[in-house]
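This is work-v1.txt (compact mmCIF, N, CA and C atoms and all ligand atoms).
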# COMPACT_ATOMS: atom_id res chain seq x y z
N MET A 248 72.57 -46.18 219.17
CA MET A 248 71.15 -45.81 218.99
C MET A 248 70.31 -47.06 218.70
N LYS A 249 69.22 -47.22 219.45
CA LYS A 249 68.34 -48.39 219.23
C LYS A 249 67.11 -47.96 218.43
N ILE A 250 66.85 -48.66 217.37
CA ILE A 250 65.76 -48.28 216.47
C ILE A 250 64.70 -49.37 216.41
N ALA A 251 63.44 -48.95 216.52
CA ALA A 251 62.30 -49.86 216.32
C ALA A 251 61.78 -49.62 214.91
N ILE A 252 61.57 -50.71 214.17
CA ILE A 252 61.09 -50.56 212.79
C ILE A 252 59.91 -51.48 212.54
N GLY A 253 58.94 -51.00 211.75
CA GLY A 253 57.78 -51.83 211.44
C GLY A 253 57.10 -51.33 210.18
N CYS A 254 56.21 -52.17 209.65
CA CYS A 254 55.49 -51.83 208.42
C CYS A 254 54.23 -52.68 208.32
N ASP A 255 53.34 -52.29 207.42
CA ASP A 255 52.26 -53.21 207.03
C ASP A 255 52.65 -53.83 205.69
N HIS A 256 51.73 -54.58 205.09
CA HIS A 256 52.03 -55.26 203.82
C HIS A 256 52.41 -54.26 202.73
N GLY A 257 51.82 -53.06 202.79
CA GLY A 257 52.08 -52.03 201.77
C GLY A 257 53.47 -51.43 201.87
N GLY A 258 54.16 -51.71 202.97
CA GLY A 258 55.51 -51.15 203.16
C GLY A 258 56.58 -52.21 203.33
N TYR A 259 56.20 -53.48 203.11
CA TYR A 259 57.12 -54.58 203.43
C TYR A 259 58.46 -54.50 202.68
N GLN A 260 58.39 -54.30 201.34
CA GLN A 260 59.65 -54.30 200.57
C GLN A 260 60.57 -53.16 201.00
N LEU A 261 59.99 -51.99 201.21
CA LEU A 261 60.82 -50.85 201.62
C LEU A 261 61.41 -51.08 203.01
N LYS A 262 60.61 -51.69 203.90
CA LYS A 262 61.15 -52.00 205.24
C LYS A 262 62.39 -52.88 205.11
N GLN A 263 62.34 -53.86 204.23
CA GLN A 263 63.49 -54.76 204.08
C GLN A 263 64.72 -53.98 203.57
N GLU A 264 64.47 -53.02 202.71
CA GLU A 264 65.58 -52.18 202.20
C GLU A 264 66.16 -51.33 203.33
N VAL A 265 65.28 -50.79 204.17
CA VAL A 265 65.75 -49.95 205.28
C VAL A 265 66.53 -50.81 206.29
N ILE A 266 66.04 -52.02 206.53
CA ILE A 266 66.75 -52.92 207.44
C ILE A 266 68.15 -53.24 206.91
N ALA A 267 68.25 -53.47 205.61
CA ALA A 267 69.57 -53.75 205.01
C ALA A 267 70.50 -52.55 205.22
N TYR A 268 69.94 -51.34 205.09
CA TYR A 268 70.72 -50.12 205.32
C TYR A 268 71.16 -50.06 206.80
N LEU A 269 70.25 -50.32 207.74
CA LEU A 269 70.57 -50.25 209.17
C LEU A 269 71.67 -51.26 209.51
N GLU A 270 71.56 -52.45 208.92
CA GLU A 270 72.58 -53.48 209.18
C GLU A 270 73.94 -53.06 208.64
N LYS A 271 73.92 -52.52 207.43
CA LYS A 271 75.17 -52.08 206.79
C LYS A 271 75.86 -51.00 207.64
N LYS A 272 75.05 -50.13 208.23
CA LYS A 272 75.61 -49.02 209.02
C LYS A 272 75.86 -49.41 210.48
N GLY A 273 75.48 -50.62 210.86
CA GLY A 273 75.76 -51.11 212.21
C GLY A 273 74.80 -50.64 213.28
N TYR A 274 73.59 -50.23 212.90
CA TYR A 274 72.60 -49.80 213.90
C TYR A 274 72.00 -51.02 214.60
N GLU A 275 71.68 -50.83 215.88
CA GLU A 275 70.94 -51.85 216.62
C GLU A 275 69.46 -51.60 216.34
N TYR A 276 68.72 -52.63 215.99
CA TYR A 276 67.31 -52.42 215.67
C TYR A 276 66.48 -53.64 216.06
N LYS A 277 65.16 -53.42 216.19
CA LYS A 277 64.23 -54.54 216.35
C LYS A 277 63.16 -54.42 215.28
N ASP A 278 62.93 -55.51 214.57
CA ASP A 278 61.94 -55.56 213.51
C ASP A 278 60.60 -56.06 214.08
N PHE A 279 59.61 -55.16 214.11
CA PHE A 279 58.29 -55.49 214.65
C PHE A 279 57.35 -56.08 213.58
N GLY A 280 57.91 -56.41 212.41
CA GLY A 280 57.07 -56.97 211.35
C GLY A 280 56.37 -55.87 210.58
N THR A 281 55.50 -56.18 209.72
CA THR A 281 55.07 -57.49 209.33
C THR A 281 56.17 -58.19 208.53
N HIS A 282 56.05 -59.50 208.36
CA HIS A 282 57.16 -60.26 207.79
C HIS A 282 56.86 -60.82 206.41
N SER A 283 55.80 -60.33 205.76
CA SER A 283 55.49 -60.76 204.40
C SER A 283 54.57 -59.71 203.76
N THR A 284 54.18 -59.95 202.52
CA THR A 284 53.27 -59.02 201.83
C THR A 284 51.81 -59.42 202.04
N GLU A 285 51.57 -60.37 202.94
CA GLU A 285 50.19 -60.75 203.26
C GLU A 285 49.49 -59.60 203.98
N SER A 286 48.25 -59.36 203.62
CA SER A 286 47.52 -58.20 204.16
C SER A 286 47.44 -58.22 205.69
N CYS A 287 47.69 -57.05 206.29
CA CYS A 287 47.54 -56.91 207.75
C CYS A 287 47.10 -55.47 208.03
N ASP A 288 46.87 -55.14 209.30
CA ASP A 288 46.34 -53.83 209.67
C ASP A 288 47.44 -52.97 210.31
N TYR A 289 47.72 -51.81 209.69
CA TYR A 289 48.86 -50.99 210.15
C TYR A 289 48.80 -50.55 211.62
N PRO A 290 47.60 -50.35 212.24
CA PRO A 290 47.64 -49.96 213.66
C PRO A 290 48.26 -51.05 214.55
N ASP A 291 48.14 -52.31 214.12
CA ASP A 291 48.69 -53.42 214.92
C ASP A 291 50.21 -53.39 214.96
N ILE A 292 50.82 -52.74 214.00
CA ILE A 292 52.29 -52.61 213.96
C ILE A 292 52.70 -51.26 214.57
N ALA A 293 51.93 -50.22 214.24
CA ALA A 293 52.27 -48.87 214.73
C ALA A 293 52.29 -48.83 216.26
N GLU A 294 51.33 -49.49 216.89
CA GLU A 294 51.21 -49.36 218.35
C GLU A 294 52.44 -49.90 219.10
N PRO A 295 52.87 -51.14 218.87
CA PRO A 295 54.05 -51.60 219.63
C PRO A 295 55.32 -50.81 219.33
N VAL A 296 55.49 -50.37 218.09
CA VAL A 296 56.67 -49.55 217.77
C VAL A 296 56.59 -48.23 218.55
N ALA A 297 55.43 -47.60 218.51
CA ALA A 297 55.26 -46.31 219.19
C ALA A 297 55.39 -46.46 220.71
N GLN A 298 54.84 -47.53 221.26
CA GLN A 298 54.97 -47.76 222.71
C GLN A 298 56.43 -47.96 223.09
N GLY A 299 57.16 -48.69 222.27
CA GLY A 299 58.58 -48.94 222.54
C GLY A 299 59.39 -47.65 222.55
N VAL A 300 59.06 -46.74 221.63
CA VAL A 300 59.77 -45.45 221.58
C VAL A 300 59.32 -44.58 222.75
N ALA A 301 58.01 -44.51 222.97
CA ALA A 301 57.48 -43.64 224.04
C ALA A 301 58.00 -44.07 225.42
N GLN A 302 58.17 -45.38 225.61
CA GLN A 302 58.64 -45.87 226.91
C GLN A 302 60.16 -45.85 227.05
N GLY A 303 60.85 -45.43 226.00
CA GLY A 303 62.31 -45.26 226.07
C GLY A 303 63.11 -46.52 225.79
N GLU A 304 62.41 -47.59 225.39
CA GLU A 304 63.14 -48.82 225.07
C GLU A 304 63.95 -48.64 223.77
N PHE A 305 63.43 -47.77 222.90
CA PHE A 305 64.11 -47.45 221.64
C PHE A 305 64.28 -45.93 221.55
N ASP A 306 65.36 -45.50 220.89
CA ASP A 306 65.60 -44.06 220.73
C ASP A 306 64.73 -43.47 219.65
N LYS A 307 64.54 -44.23 218.57
CA LYS A 307 63.76 -43.74 217.43
C LYS A 307 63.02 -44.89 216.79
N GLY A 308 61.98 -44.52 215.99
CA GLY A 308 61.24 -45.53 215.26
C GLY A 308 61.12 -45.17 213.79
N ILE A 309 60.95 -46.20 212.97
CA ILE A 309 60.70 -46.01 211.53
C ILE A 309 59.51 -46.88 211.17
N LEU A 310 58.47 -46.26 210.59
CA LEU A 310 57.25 -46.99 210.23
C LEU A 310 56.93 -46.74 208.76
N ILE A 311 56.57 -47.81 208.07
CA ILE A 311 56.32 -47.72 206.62
C ILE A 311 55.00 -48.43 206.29
N CYS A 312 54.15 -47.75 205.53
CA CYS A 312 52.97 -48.41 204.96
C CYS A 312 52.90 -47.99 203.49
N GLY A 313 51.74 -48.12 202.87
CA GLY A 313 51.65 -47.76 201.46
C GLY A 313 51.91 -46.28 201.24
N THR A 314 51.29 -45.47 202.08
CA THR A 314 51.41 -44.01 201.96
C THR A 314 52.26 -43.38 203.06
N GLY A 315 52.42 -44.07 204.17
CA GLY A 315 53.05 -43.50 205.37
C GLY A 315 52.06 -42.74 206.23
N ILE A 316 50.83 -42.63 205.74
CA ILE A 316 49.84 -41.80 206.44
C ILE A 316 49.15 -42.57 207.58
N GLY A 317 48.54 -43.69 207.24
CA GLY A 317 47.78 -44.43 208.26
C GLY A 317 48.65 -44.84 209.44
N ILE A 318 49.81 -45.35 209.13
CA ILE A 318 50.69 -45.86 210.19
C ILE A 318 51.19 -44.71 211.07
N GLY A 319 51.32 -43.51 210.47
CA GLY A 319 51.73 -42.33 211.24
C GLY A 319 50.61 -41.79 212.10
N ILE A 320 49.40 -41.79 211.55
CA ILE A 320 48.23 -41.34 212.34
C ILE A 320 48.11 -42.24 213.58
N ALA A 321 48.23 -43.54 213.37
CA ALA A 321 48.11 -44.49 214.49
C ALA A 321 49.21 -44.26 215.53
N ALA A 322 50.44 -44.10 215.07
CA ALA A 322 51.57 -43.91 216.00
C ALA A 322 51.39 -42.64 216.83
N ASN A 323 50.85 -41.59 216.19
CA ASN A 323 50.70 -40.32 216.90
C ASN A 323 49.61 -40.34 217.97
N LYS A 324 48.85 -41.43 218.06
CA LYS A 324 47.86 -41.58 219.15
C LYS A 324 48.53 -41.97 220.47
N VAL A 325 49.78 -42.42 220.40
CA VAL A 325 50.49 -42.83 221.62
C VAL A 325 51.15 -41.60 222.23
N LYS A 326 50.91 -41.42 223.52
CA LYS A 326 51.43 -40.25 224.24
C LYS A 326 52.97 -40.19 224.14
N GLY A 327 53.47 -39.03 223.78
CA GLY A 327 54.92 -38.83 223.69
C GLY A 327 55.48 -39.05 222.30
N ILE A 328 54.61 -39.48 221.38
CA ILE A 328 55.10 -39.75 220.02
C ILE A 328 54.91 -38.53 219.12
N ARG A 329 55.98 -38.26 218.36
CA ARG A 329 55.93 -37.23 217.33
C ARG A 329 56.37 -37.90 216.03
N ALA A 330 55.39 -38.50 215.35
CA ALA A 330 55.69 -39.20 214.10
C ALA A 330 55.56 -38.23 212.94
N ALA A 331 56.57 -38.22 212.07
CA ALA A 331 56.59 -37.28 210.94
C ALA A 331 56.67 -38.04 209.62
N LEU A 332 55.75 -37.69 208.72
CA LEU A 332 55.75 -38.26 207.36
C LEU A 332 56.72 -37.45 206.51
N CYS A 333 57.76 -38.09 206.01
CA CYS A 333 58.77 -37.38 205.22
C CYS A 333 59.02 -38.09 203.90
N HIS A 334 58.83 -37.35 202.82
CA HIS A 334 59.10 -37.89 201.50
C HIS A 334 60.10 -37.02 200.73
N ASP A 335 60.77 -36.15 201.47
CA ASP A 335 61.82 -35.32 200.85
C ASP A 335 62.87 -35.01 201.91
N ALA A 336 64.05 -34.64 201.43
CA ALA A 336 65.19 -34.41 202.32
C ALA A 336 64.96 -33.22 203.26
N PHE A 337 64.35 -32.17 202.73
CA PHE A 337 64.12 -30.97 203.56
C PHE A 337 63.23 -31.30 204.76
N SER A 338 62.14 -32.02 204.52
CA SER A 338 61.22 -32.38 205.62
C SER A 338 61.90 -33.31 206.63
N ALA A 339 62.73 -34.23 206.12
CA ALA A 339 63.43 -35.15 207.03
C ALA A 339 64.32 -34.36 207.98
N HIS A 340 65.03 -33.40 207.44
CA HIS A 340 65.91 -32.54 208.22
C HIS A 340 65.11 -31.72 209.22
N ALA A 341 64.06 -31.05 208.72
CA ALA A 341 63.27 -30.14 209.57
C ALA A 341 62.50 -30.90 210.65
N SER A 342 62.04 -32.09 210.35
CA SER A 342 61.25 -32.84 211.33
C SER A 342 62.09 -33.20 212.56
N ARG A 343 63.40 -33.31 212.37
CA ARG A 343 64.29 -33.57 213.50
C ARG A 343 64.69 -32.24 214.16
N GLU A 344 65.15 -31.30 213.34
CA GLU A 344 65.69 -30.05 213.86
C GLU A 344 64.61 -29.22 214.59
N HIS A 345 63.42 -29.16 214.02
CA HIS A 345 62.37 -28.30 214.57
C HIS A 345 61.36 -29.04 215.44
N ASN A 346 61.03 -30.27 215.07
CA ASN A 346 59.93 -30.97 215.75
C ASN A 346 60.40 -32.09 216.66
N ASP A 347 61.69 -32.38 216.67
CA ASP A 347 62.23 -33.49 217.45
C ASP A 347 61.42 -34.77 217.20
N ALA A 348 61.10 -35.01 215.92
CA ALA A 348 60.32 -36.20 215.58
C ALA A 348 61.02 -37.45 216.10
N ASN A 349 60.26 -38.32 216.75
CA ASN A 349 60.89 -39.55 217.25
C ASN A 349 60.47 -40.79 216.44
N ILE A 350 59.57 -40.59 215.48
CA ILE A 350 59.26 -41.67 214.53
C ILE A 350 59.21 -41.05 213.13
N LEU A 351 59.87 -41.72 212.19
CA LEU A 351 59.82 -41.34 210.77
C LEU A 351 58.83 -42.27 210.07
N THR A 352 57.91 -41.70 209.30
CA THR A 352 57.04 -42.56 208.51
C THR A 352 57.23 -42.25 207.03
N MET A 353 57.10 -43.30 206.22
CA MET A 353 57.25 -43.16 204.77
C MET A 353 56.26 -44.10 204.08
N GLY A 354 55.98 -43.78 202.82
CA GLY A 354 55.06 -44.60 202.02
C GLY A 354 55.78 -45.27 200.88
N GLN A 355 55.76 -46.58 200.88
CA GLN A 355 56.43 -47.35 199.81
C GLN A 355 55.83 -47.08 198.44
N ARG A 356 54.53 -46.73 198.42
CA ARG A 356 53.87 -46.49 197.14
C ARG A 356 54.08 -45.06 196.65
N VAL A 357 54.80 -44.27 197.45
CA VAL A 357 54.99 -42.85 197.12
C VAL A 357 56.40 -42.57 196.62
N ILE A 358 57.41 -43.14 197.31
CA ILE A 358 58.80 -42.85 196.91
C ILE A 358 59.56 -44.15 196.63
N GLY A 359 60.65 -44.01 195.91
CA GLY A 359 61.51 -45.15 195.61
C GLY A 359 62.52 -45.37 196.72
N PRO A 360 63.18 -46.53 196.72
CA PRO A 360 64.11 -46.86 197.80
C PRO A 360 65.33 -45.95 197.88
N GLY A 361 65.79 -45.42 196.75
CA GLY A 361 66.97 -44.54 196.78
C GLY A 361 66.73 -43.30 197.61
N LEU A 362 65.62 -42.63 197.32
CA LEU A 362 65.27 -41.43 198.09
C LEU A 362 64.94 -41.79 199.54
N ALA A 363 64.23 -42.91 199.73
CA ALA A 363 63.85 -43.32 201.09
C ALA A 363 65.08 -43.52 201.97
N LEU A 364 66.11 -44.14 201.43
CA LEU A 364 67.32 -44.38 202.24
C LEU A 364 68.07 -43.07 202.52
N GLU A 365 68.02 -42.14 201.58
CA GLU A 365 68.63 -40.83 201.80
C GLU A 365 67.89 -40.12 202.94
N ILE A 366 66.56 -40.23 202.94
CA ILE A 366 65.74 -39.62 203.99
C ILE A 366 66.06 -40.24 205.34
N VAL A 367 66.17 -41.58 205.38
CA VAL A 367 66.50 -42.27 206.64
C VAL A 367 67.85 -41.77 207.15
N ASP A 368 68.81 -41.68 206.27
CA ASP A 368 70.16 -41.25 206.65
C ASP A 368 70.13 -39.83 207.25
N ILE A 369 69.47 -38.92 206.58
CA ILE A 369 69.37 -37.54 207.08
C ILE A 369 68.65 -37.53 208.42
N TRP A 370 67.54 -38.25 208.49
CA TRP A 370 66.69 -38.23 209.69
C TRP A 370 67.44 -38.78 210.91
N LEU A 371 68.22 -39.83 210.70
CA LEU A 371 68.96 -40.43 211.83
C LEU A 371 70.14 -39.57 212.28
N HIS A 372 70.64 -38.72 211.38
CA HIS A 372 71.83 -37.94 211.70
C HIS A 372 71.55 -36.50 212.11
N THR A 373 70.31 -36.06 212.05
CA THR A 373 70.01 -34.66 212.36
C THR A 373 69.55 -34.53 213.81
N GLU A 374 70.18 -33.59 214.52
CA GLU A 374 69.86 -33.36 215.93
C GLU A 374 68.75 -32.32 216.08
N PHE A 375 68.01 -32.43 217.17
CA PHE A 375 67.00 -31.42 217.54
C PHE A 375 67.73 -30.13 217.90
N GLU A 376 67.20 -29.00 217.41
CA GLU A 376 67.85 -27.72 217.63
C GLU A 376 67.53 -27.12 219.00
N GLY A 377 66.43 -27.54 219.62
CA GLY A 377 66.05 -26.99 220.93
C GLY A 377 65.63 -25.53 220.83
N GLY A 378 65.94 -24.74 221.86
CA GLY A 378 65.63 -23.31 221.85
C GLY A 378 64.14 -23.05 221.66
N ARG A 379 63.83 -22.16 220.71
CA ARG A 379 62.42 -21.80 220.50
C ARG A 379 61.59 -23.02 220.08
N HIS A 380 62.24 -24.01 219.47
CA HIS A 380 61.51 -25.20 219.04
C HIS A 380 61.10 -26.07 220.24
N ALA A 381 61.91 -26.06 221.28
CA ALA A 381 61.62 -26.87 222.47
C ALA A 381 60.32 -26.41 223.12
N LYS A 382 60.13 -25.10 223.16
CA LYS A 382 58.90 -24.53 223.76
C LYS A 382 57.68 -25.03 222.98
N ARG A 383 57.80 -25.11 221.67
CA ARG A 383 56.67 -25.53 220.82
C ARG A 383 56.38 -27.03 220.99
N VAL A 384 57.45 -27.81 221.11
CA VAL A 384 57.26 -29.25 221.33
C VAL A 384 56.59 -29.48 222.69
N GLU A 385 57.01 -28.69 223.70
CA GLU A 385 56.36 -28.79 225.02
C GLU A 385 54.88 -28.49 224.91
N LYS A 386 54.53 -27.50 224.09
CA LYS A 386 53.12 -27.14 223.91
C LYS A 386 52.34 -28.27 223.24
N ILE A 387 52.98 -28.99 222.35
CA ILE A 387 52.32 -30.16 221.73
C ILE A 387 51.95 -31.15 222.84
N HIS A 388 52.89 -31.37 223.76
CA HIS A 388 52.64 -32.38 224.79
C HIS A 388 51.66 -31.91 225.85
N LYS A 389 51.51 -30.60 225.99
CA LYS A 389 50.46 -30.08 226.90
C LYS A 389 49.10 -30.47 226.34
N ILE A 390 48.95 -30.50 225.03
CA ILE A 390 47.67 -30.87 224.41
C ILE A 390 47.30 -32.30 224.82
N GLU A 391 48.32 -33.14 225.02
CA GLU A 391 48.04 -34.53 225.42
C GLU A 391 47.40 -34.61 226.82
N GLU A 392 47.59 -33.56 227.62
CA GLU A 392 47.04 -33.58 228.98
C GLU A 392 45.57 -33.14 228.99
N CYS A 393 45.09 -32.60 227.87
CA CYS A 393 43.70 -32.08 227.85
C CYS A 393 42.67 -33.21 227.85
C1 LIG B 1 47.03 -50.69 202.69
O1 LIG B 1 46.40 -51.02 201.50
C2 LIG B 1 47.17 -49.18 202.81
O2 LIG B 1 45.92 -48.63 203.06
C3 LIG B 1 48.15 -48.83 203.90
O3 LIG B 1 49.39 -49.39 203.62
C4 LIG B 1 48.40 -47.35 204.11
O4 LIG B 1 48.70 -46.72 202.90
C5 LIG B 1 47.42 -46.63 204.91
O5 LIG B 1 47.54 -45.44 205.21

Can you dump the structure from the file as C-alpha cells?
Amino acid sequence: MKIAIGCDHGGYQLKQEVIAYLEKKGYEYKDFGTHSTESCDYPDIAEPVAQGVAQGEFDKGILICGTGIGIGIAANKVKGIRAALCHDAFSAHASREHNDANILTMGQRVIGPGLALEIVDIWLHTEFEGGRHAKRVEKIHKIEEC
C-alpha cells in the first residue's frame, strides 16, 4: 500500500509520529511536507496529496493540521477524494467501512499521539464494505458532475 502524507505547521509533530509508525510497520509512503513548524498554508499541502490519491499514484492519504478541518475541506475539493476527519476509533472504522474514505484527516491540537496512532492503524486496516454503501458513495460522486 502506498500512502501520501502531509501536514501544515499545526500538524507537524503529529505527522512525524505517524511517519515513525508507518516506517515501523513497513509502509511505503511519500512525505509531502511541511518539514518544520514554520507557518504555512494547509491548502498548499492538501492539494498535492489529494491529487496523488485521486490520480491513483497513492492508495490512501493522511493529512494533519491543527484541527484536521481546514486540510480536509481543501482535500475534499479534489474530484474523487473522500477525506474523513476522525478523532475516535469508531469514526475511523466507519469512515472506511461505510464511506470508503481515501484520506484520513486529524488535528494535532485535538488529540494526542497515542489515540492518533490507534486511529491510523484502524483506518489503514479496515476494508470498505461495499453493498448498500457503494451506491451511496456513487451518489456522492454524481454530485461532482453537477
Ligand atoms: C493553523 O493555525 C490552523 O488554522 C490550521 O492548522 C488548521 O487547524 C486549519 O483548519

(message) Which residues are near Asp291 (chain A)? Cut-off 8 Å, only N, CA and C atoms, ignore same chain within fewer than 4 positions. Put them as a list in words.
(response)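 What passes the distance filter is Cys254, Phe279, Gly280, Thr281, Cys287, Pro295, Val296, Ile318 and Ala321 of chain A.
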
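The coordinates place atom C of Gly257 (chain A) at 5.5 Å from atom N of Gln355 (chain A).
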
(request) Determine the nearest neighbour of Ala293 (chain A) from the options A:Val265, A:Thr352, A:Lys277, A:Ala341, counting only C-alpha atoms. (result)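 Smallest distance to Ala293 (chain A) is found for A:Thr352.
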
Residues of chain A that have any atom at most 9 Å from an atom of ligand LIG 1 (chain B): could you tabulate them with the shortest-distance atom pair and the distance in Å to one decimal, using only C-alpha atoms and all ligand atoms, ordered by chain and increasing number, as JSON lines?
{"residue": "A:Cys254", "atom": "CA", "partner": "B:LIG1", "partner_atom": "O3", "distance": 8.1}
{"residue": "A:Asp255", "atom": "CA", "partner": "B:LIG1", "partner_atom": "O3", "distance": 5.9}
{"residue": "A:His256", "atom": "CA", "partner": "B:LIG1", "partner_atom": "O3", "distance": 6.4}
{"residue": "A:Gly257", "atom": "CA", "partner": "B:LIG1", "partner_atom": "O3", "distance": 4.2}
{"residue": "A:Gly258", "atom": "CA", "partner": "B:LIG1", "partner_atom": "O3", "distance": 6.4}
{"residue": "A:Ser286", "atom": "CA", "partner": "B:LIG1", "partner_atom": "C1", "distance": 7.7}
{"residue": "A:Cys287", "atom": "CA", "partner": "B:LIG1", "partner_atom": "C1", "distance": 8.0}
{"residue": "A:Asp288", "atom": "CA", "partner": "B:LIG1", "partner_atom": "C1", "distance": 7.7}
{"residue": "A:Tyr289", "atom": "CA", "partner": "B:LIG1", "partner_atom": "C3", "distance": 6.7}
{"residue": "A:Ile311", "atom": "CA", "partner": "B:LIG1", "partner_atom": "O3", "distance": 7.7}
{"residue": "A:Cys312", "atom": "CA", "partner": "B:LIG1", "partner_atom": "O3", "distance": 3.9}
{"residue": "A:Gly313", "atom": "CA", "partner": "B:LIG1", "partner_atom": "O4", "distance": 3.4}
{"residue": "A:Thr314", "atom": "CA", "partner": "B:LIG1", "partner_atom": "O4", "distance": 3.9}
{"residue": "A:Gly315", "atom": "CA", "partner": "B:LIG1", "partner_atom": "O5", "distance": 5.8}
{"residue": "A:Ile316", "atom": "CA", "partner": "B:LIG1", "partner_atom": "O5", "distance": 4.5}
{"residue": "A:Gly317", "atom": "CA", "partner": "B:LIG1", "partner_atom": "O5", "distance": 3.2}
{"residue": "A:Ile318", "atom": "CA", "partner": "B:LIG1", "partner_atom": "O5", "distance": 5.9}
{"residue": "A:Gly319", "atom": "CA", "partner": "B:LIG1", "partner_atom": "O5", "distance": 8.0}
{"residue": "A:Ile320", "atom": "CA", "partner": "B:LIG1", "partner_atom": "O5", "distance": 8.3}
{"residue": "A:Gly354", "atom": "CA", "partner": "B:LIG1", "partner_atom": "O4", "distance": 6.8}
{"residue": "A:Gln355", "atom": "CA", "partner": "B:LIG1", "partner_atom": "O3", "distance": 8.3}
{"residue": "A:Arg356", "atom": "CA", "partner": "B:LIG1", "partner_atom": "O4", "distance": 7.7}

Sel. of strand (DSSP E) residues, chain A, as an mmCIF file with N, CA and C atoms, in the coordinates of the input:
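Okay, this is what ended up in states26.cif:
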data_model
loop_
_atom_site.group_PDB
_atom_site.id
_atom_site.type_symbol
_atom_site.label_atom_id
_atom_site.label_comp_id
_atom_site.auth_asym_id
_atom_site.auth_seq_id
_atom_site.Cartn_x
_atom_site.Cartn_y
_atom_site.Cartn_z
ATOM 1 N N LYS A 249 69.220 -47.220 219.450
ATOM 2 C CA LYS A 249 68.340 -48.390 219.230
ATOM 3 C C LYS A 249 67.110 -47.960 218.430
ATOM 4 N N ILE A 250 66.850 -48.660 217.370
ATOM 5 C CA ILE A 250 65.760 -48.280 216.470
ATOM 6 C C ILE A 250 64.700 -49.370 216.410
ATOM 7 N N ALA A 251 63.440 -48.950 216.520
ATOM 8 C CA ALA A 251 62.300 -49.860 216.320
ATOM 9 C C ALA A 251 61.780 -49.620 214.910
ATOM 10 N N ILE A 252 61.570 -50.710 214.170
ATOM 11 C CA ILE A 252 61.090 -50.560 212.790
ATOM 12 C C ILE A 252 59.910 -51.480 212.540
ATOM 13 N N GLY A 253 58.940 -51.000 211.750
ATOM 14 C CA GLY A 253 57.780 -51.830 211.440
ATOM 15 C C GLY A 253 57.100 -51.330 210.180
ATOM 16 N N CYS A 254 56.210 -52.170 209.650
ATOM 17 C CA CYS A 254 55.490 -51.830 208.420
ATOM 18 C C CYS A 254 54.230 -52.680 208.320
ATOM 19 N N GLU A 275 71.680 -50.830 215.880
ATOM 20 C CA GLU A 275 70.940 -51.850 216.620
ATOM 21 C C GLU A 275 69.460 -51.600 216.340
ATOM 22 N N TYR A 276 68.720 -52.630 215.990
ATOM 23 C CA TYR A 276 67.310 -52.420 215.670
ATOM 24 C C TYR A 276 66.480 -53.640 216.060
ATOM 25 N N LYS A 277 65.160 -53.420 216.190
ATOM 26 C CA LYS A 277 64.230 -54.540 216.350
ATOM 27 C C LYS A 277 63.160 -54.420 215.280
ATOM 28 N N ASP A 278 62.930 -55.510 214.570
ATOM 29 C CA ASP A 278 61.940 -55.560 213.510
ATOM 30 C C ASP A 278 60.600 -56.060 214.080
ATOM 31 N N LYS A 307 64.540 -44.230 218.570
ATOM 32 C CA LYS A 307 63.760 -43.740 217.430
ATOM 33 C C LYS A 307 63.020 -44.890 216.790
ATOM 34 N N GLY A 308 61.980 -44.520 215.990
ATOM 35 C CA GLY A 308 61.240 -45.530 215.260
ATOM 36 C C GLY A 308 61.120 -45.170 213.790
ATOM 37 N N ILE A 309 60.950 -46.200 212.970
ATOM 38 C CA ILE A 309 60.700 -46.010 211.530
ATOM 39 C C ILE A 309 59.510 -46.880 211.170
ATOM 40 N N LEU A 310 58.470 -46.260 210.590
ATOM 41 C CA LEU A 310 57.250 -46.990 210.230
ATOM 42 C C LEU A 310 56.930 -46.740 208.760
ATOM 43 N N ILE A 311 56.570 -47.810 208.070
ATOM 44 C CA ILE A 311 56.320 -47.720 206.620
ATOM 45 C C ILE A 311 55.000 -48.430 206.290
ATOM 46 N N CYS A 312 54.150 -47.750 205.530
ATOM 47 C CA CYS A 312 52.970 -48.410 204.960
ATOM 48 C C CYS A 312 52.900 -47.990 203.490
ATOM 49 N N ALA A 330 55.390 -38.500 215.350
ATOM 50 C CA ALA A 330 55.690 -39.200 214.100
ATOM 51 C C ALA A 330 55.560 -38.230 212.940
ATOM 52 N N ALA A 331 56.570 -38.220 212.070
ATOM 53 C CA ALA A 331 56.590 -37.280 210.940
ATOM 54 C C ALA A 331 56.670 -38.040 209.620
ATOM 55 N N LEU A 332 55.750 -37.690 208.720
ATOM 56 C CA LEU A 332 55.750 -38.260 207.360
ATOM 57 C C LEU A 332 56.720 -37.450 206.510
ATOM 58 N N ILE A 350 59.570 -40.590 215.480
ATOM 59 C CA ILE A 350 59.260 -41.670 214.530
ATOM 60 C C ILE A 350 59.210 -41.050 213.130
ATOM 61 N N LEU A 351 59.870 -41.720 212.190
ATOM 62 C CA LEU A 351 59.820 -41.340 210.770
ATOM 63 C C LEU A 351 58.830 -42.270 210.070
ATOM 64 N N THR A 352 57.910 -41.700 209.300
ATOM 65 C CA THR A 352 57.040 -42.560 208.510
ATOM 66 C C THR A 352 57.230 -42.250 207.030
ATOM 67 N N MET A 353 57.100 -43.300 206.220
ATOM 68 C CA MET A 353 57.250 -43.160 204.770
ATOM 69 C C MET A 353 56.260 -44.100 204.080
ATOM 70 N N GLY A 354 55.980 -43.780 202.820
ATOM 71 C CA GLY A 354 55.060 -44.600 202.020
ATOM 72 C C GLY A 354 55.780 -45.270 200.880
#

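Near Asp335 (chain A), within 8 Å and counting all atoms listed in the file, sit Leu332, Cys333, Phe337, Ser338, Ala339, His340, Ala341, Leu362, Ala363, Glu365 and Ile366 of chain A, not including residues fewer than 2 positions from it in the same chain.
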
(request) Within region 291-331 of chain A, find each residue whose DSSP state, derived from the backbone, is helix (DSSP H, G or I), and express the selection as a VMD selection string. (result) chain A and resid 291 to 301 316 to 322

(request) For each of A:Thr373, A:Leu261, A:Ala348, A:Asp306, take the minimum atom-to-atom distance to Met248 (chain A), counting all atoms listed in the file, then give the residue where this is smallest. (result) A:Asp306

(message) Can you measure atom C of Phe375 (chain A) to atom N of Gly299 (chain A) for me? One decimal in Å is fine.
(response)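 We find that atom C of Phe375 (chain A) and atom N of Gly299 (chain A) lie 21.8 Å from each other.
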
(request) Considering all atoms listed in the file, state which residue in the set A:Ile369, A:Ala336, A:Leu364, A:Ala331 is at the smallest distance from Leu351 (chain A). (result) A:Ala331
